[in-house]
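Colleague: Here it is: the structure, laid out below.
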Amino acid sequence: MSTPPRVRIAPSPTGDPHVGTAYVGLFNRAFADANGGTFILRIDDTDRTRYQADAEDAIFRALRWLGIQWDEGPDVGGPHAPYRQSERTAIYRDAIDKLLADGKAYRCFCTPERMAQLREEQRAAKSDHQGYDRRCRDIAADESASRAASGESHIVRLKVPLSGETSFNDQLRGVITLENANVDDQVLLKSDGFPTYHLANVVDDIAMGITHVVRAEEWITSAPKHVLLYEAFGEPLPLFFHVPLLRNADQSKISKRKNPVSLEWYRSEGYLPEALRNFLALLGWAPPDGEEVFDYAKFKEHFRLDDISTGAPVFDLVKLQWLNGVHLRGLSGADLHQRLSDEGFLPEGASPTQIADVLAVIGERLHLLGDFAEQSAFFFGDVTPTAAGLVPKKKEAADGARLLEALIEQLSAVGEWDEGTLEATVESTREAVGFNKPQIFMPLRMAVTGSTNSPPLPEVLRLLGRDRVLARLRAARDLLG
RNA sequence: GGGCGACUGGUGGAAGUGGCGAACACACUUGCCUUUCAAGCAAGAGAGUCCGGGUUCGAGCCCCGGGUCGCUCACCA
């Protein structure tokens, strides 16, 4: 690559930050990193009807959490500021004036009502060509100008050639051609004075020197319109890469209804950003050495934009969770502790020592940071054993009570409350009572943890301490009568 | 409905220029470990590459036809 590439993403602040934004953002970021390029974050806030003021911050937060940083953007600035499209209306205005003057675009005075009616008729007639009927396309320049000057509400449309075809070379899919007859006279400027996506993006991509347009497949149909715009401005085309769309398990386009799509959700569940990044990188791309677990440094080292495959992948939460567990287990105890703390998963009032002790025992059992609460419940919460769980397998309630009584007696007498002693004590009690291992461990487990599964009991007993263990054993005994 | 794109096991996906027993990973099953769970280890099952033709000694990779799914036809992106 001769000159360093410049890439961008342009999310809209219209809701929770979307996993698709992260997906495309990751590829852009990695491509820029791999080639010494620049990654720009632009905010498309030109749709004032759906704009949400706090959504922009949410985007920043989510991308930063994921470790996807930008080199230029609304909050960090850069040589092409501003990066918020709502602040660039003068720039689009100039672009429109130029297109109008060159006869590449025209004002359309058709009302929304007329457009609605037109659509209605086309739908009723089951017409193949749905779209604007170009009524205003040939209004004389002077008339158009004077009507606009008199304040008549209008929009501006692109004057798409009536015949011929437009094609572009998608770097992942090859040449894609569309007949111009199938391309609508796209709206470029809305009556509220804001540009549409098509205009704003092409104008900004030109202004910001974007060399590679890496975006989702859903844009592929409108790419010819963008090509036409580049040509209208007399500018060279960037390289287009349309990456696949993420899917739900049923193969439909990924949606909130069928799959979590909010990055905030992943964060709040306790997914690790490095795991999510790793997982996203695996959708549509595979590492050359086949090793699927990797960090970002390795990803950007091996990532090649044109190695992205074109089949739309299913976002498999199960595999993500596995990957999260792998990354979680790769963390040191101190790091894990820090993450839990940073993300607010630790209980109030717990001392660092307590947390560290508990983590030493349950740490490797976590799949998500959010599992901490459940896994550590026996330590930080109250336990509510079930009577049935306190009865040894193939024994009676009275046997359970007798067993618990024996445990209380033996454990009360333990001198050093350490794992070795505790294990030996439980074992000698077991022999005295004449039960097999499951018969003593399961009731004991239920009594001290309120659950049928837990980390190894000697560790649990040591962690809980003599007082709590004995108190829980007594409560369990009383429960059995 | 028109246009465009995609199509390898349940899922992610390997297999640069046609030559395999169609990798590997997740999930699944079984076993080992073990007091349970998790992790780990071992083994196993699971597709002949959407379908039908064709070219070729040989096709997942090339050609033709069809199917299915997706996207798109907004003063939304």
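Please note that chains go A, B, ... in the order of the structure tokens, that every chain numbers its residues from 1, and that ligands are numbered from 1 in the order shown.
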Would you give me, as an mmCIF file with N, CA and C atoms, in the first residue's frame, the residues of chain A that come within 6 Å of chain B, using only C-alpha atoms (C1' of nucleotides)?

Modeller:
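The file below, part-v5.cif, is the result:
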data_model
loop_
_atom_site.group_PDB
_atom_site.id
_atom_site.type_symbol
_atom_site.label_atom_id
_atom_site.label_comp_id
_atom_site.auth_asym_id
_atom_site.auth_seq_id
_atom_site.Cartn_x
_atom_site.Cartn_y
_atom_site.Cartn_z
ATOM 1 N N ASP A 128 -43.427 -2.651 -10.816
ATOM 2 C CA ASP A 128 -42.067 -3.083 -10.531
ATOM 3 C C ASP A 128 -41.194 -1.911 -10.142
ATOM 4 N N LYS A 190 -32.803 17.113 2.452
ATOM 5 C CA LYS A 190 -34.175 17.053 2.943
ATOM 6 C C LYS A 190 -34.718 18.466 3.122
ATOM 7 N N GLU A 218 -25.708 -4.222 3.644
ATOM 8 C CA GLU A 218 -26.987 -3.586 3.370
ATOM 9 C C GLU A 218 -26.840 -2.348 2.484
ATOM 10 N N THR A 221 -26.727 -1.994 -2.358
ATOM 11 C CA THR A 221 -27.669 -1.503 -3.367
ATOM 12 C C THR A 221 -27.564 -0.003 -3.587
ATOM 13 N N GLY A 311 -20.272 -14.775 3.172
ATOM 14 C CA GLY A 311 -21.478 -15.398 3.707
ATOM 15 C C GLY A 311 -21.865 -14.749 5.028
ATOM 16 N N LYS A 319 -20.949 -19.848 21.514
ATOM 17 C CA LYS A 319 -19.507 -19.827 21.288
ATOM 18 C C LYS A 319 -18.873 -18.596 21.930
ATOM 19 N N ARG A 365 -14.358 -20.990 37.596
ATOM 20 C CA ARG A 365 -15.698 -21.501 37.299
ATOM 21 C C ARG A 365 -16.580 -20.478 36.583
ATOM 22 N N LYS A 437 -18.804 -41.559 49.991
ATOM 23 C CA LYS A 437 -18.469 -40.137 49.824
ATOM 24 C C LYS A 437 -19.641 -39.260 49.381
ATOM 25 N N PRO A 438 -20.324 -39.636 48.308
ATOM 26 C CA PRO A 438 -21.455 -38.802 47.918
ATOM 27 C C PRO A 438 -22.480 -38.645 49.036
ATOM 28 N N PHE A 441 -20.900 -35.946 51.309
ATOM 29 C CA PHE A 441 -20.593 -34.657 50.692
ATOM 30 C C PHE A 441 -21.822 -33.903 50.201
ATOM 31 N N ASN A 453 -24.345 -28.070 43.758
ATOM 32 C CA ASN A 453 -22.985 -28.037 43.213
ATOM 33 C C ASN A 453 -22.228 -26.820 43.712
ATOM 34 N N SER A 454 -20.977 -27.021 43.899
ATOM 35 C CA SER A 454 -20.141 -25.969 44.475
ATOM 36 C C SER A 454 -18.688 -26.352 44.238
#

Colleague: Would you return as a PyMOL selection string the members of stretch 170-277 of chain A that DSSP assigns to strand (DSSP E) on this structure's backbone?

Modeller: chain A and resi 170+174-179+187-189+212-216+239-243

Colleague: What's around B:U55 at 12 Å? Count only C-alpha atoms (C1' of nucleotides), leave out sequence neighbours fewer than 5 positions away in its own chain, and write the answer as a tab-separated table (two decimals) with N, CA and C atoms (P, O5', C5', C4', C3', O3' and C1' of nucleotides), in the first residue's frame.

Modeller:
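Writing the result to out-v5.tsv gives the following:
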chain	number	residue	atom	x	y	z
B	18	G	P	-7.38	-23.80	-11.03
B	18	G	O5'	-8.06	-24.19	-9.62
B	18	G	C5'	-7.47	-25.07	-8.75
B	18	G	C4'	-8.34	-26.30	-8.62
B	18	G	C3'	-7.56	-27.59	-8.83
B	18	G	O3'	-6.81	-27.96	-7.65
B	18	G	C1'	-9.62	-27.66	-10.03
B	62	C	P	-15.57	-21.03	-9.08
B	62	C	O5'	-15.25	-21.57	-10.54
B	62	C	C5'	-14.28	-20.93	-11.36
B	62	C	C4'	-14.49	-21.32	-12.80
B	62	C	C3'	-15.93	-21.24	-13.27
B	62	C	O3'	-16.26	-19.92	-13.68
B	62	C	C1'	-15.04	-23.32	-13.90
B	63	C	P	-17.80	-19.42	-13.61
B	63	C	O5'	-18.46	-20.18	-14.84
B	63	C	C5'	-18.09	-19.86	-16.17
B	63	C	C4'	-18.96	-20.63	-17.13
B	63	C	C3'	-20.46	-20.53	-16.83
B	63	C	O3'	-21.01	-19.36	-17.42
B	63	C	C1'	-19.88	-22.80	-17.14
B	64	C	P	-22.33	-18.71	-16.75
B	64	C	O5'	-23.46	-19.74	-17.17
B	64	C	C5'	-23.83	-19.88	-18.54
B	64	C	C4'	-24.92	-20.93	-18.66
B	64	C	C3'	-26.11	-20.74	-17.74
B	64	C	O3'	-27.05	-19.80	-18.26
B	64	C	C1'	-25.42	-22.99	-17.67

Colleague: Rounded to one decimal in Å, what is the spacing between atom CA of A:Pro17 and atom CA of A:Asp57?

Modeller: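 Separation between atom CA of A:Pro17 and atom CA of A:Asp57: 9.4 Å.
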
Colleague: Run DSSP on the backbone and grab whatever in stretch 109-300 of chain A lands in helix (DSSP H, G or I); send it over as a ChimeraX atom specification.

Modeller: /A:112-124,141-149,180-182,197-207,217-233,263-269,273-281,296-300

Colleague: Excluding same-chain residues fewer than 3 positions from stretch 264-273 of chain A, what lies within 10 Å of it counting only C-alpha atoms (C1' of nucleotides), as a count of residues only?

Modeller: 38

Colleague: Between B:G67, B:G9, B:G54, B:G48, single out the one closest to B:G21, counting only C-alpha atoms (C1' of nucleotides).

Modeller: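 The answer is B:G48, which sits nearest to B:G21.
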
Colleague: Quick one: pull the distance between atom CA of A:Val160 and atom CA of A:Asp185, Å, one decimal.

Modeller: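 Between atom CA of A:Val160 and atom CA of A:Asp185 the gap works out to 5.6 Å.
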
Colleague: Could you give me, as a PyMOL selection string, the residues within 12 Å of B:U30, counting only C-alpha atoms (C1' of nucleotides) and dropping anything in the same chain fewer than 4 positions from it?

Modeller: chain B and resi 42-45
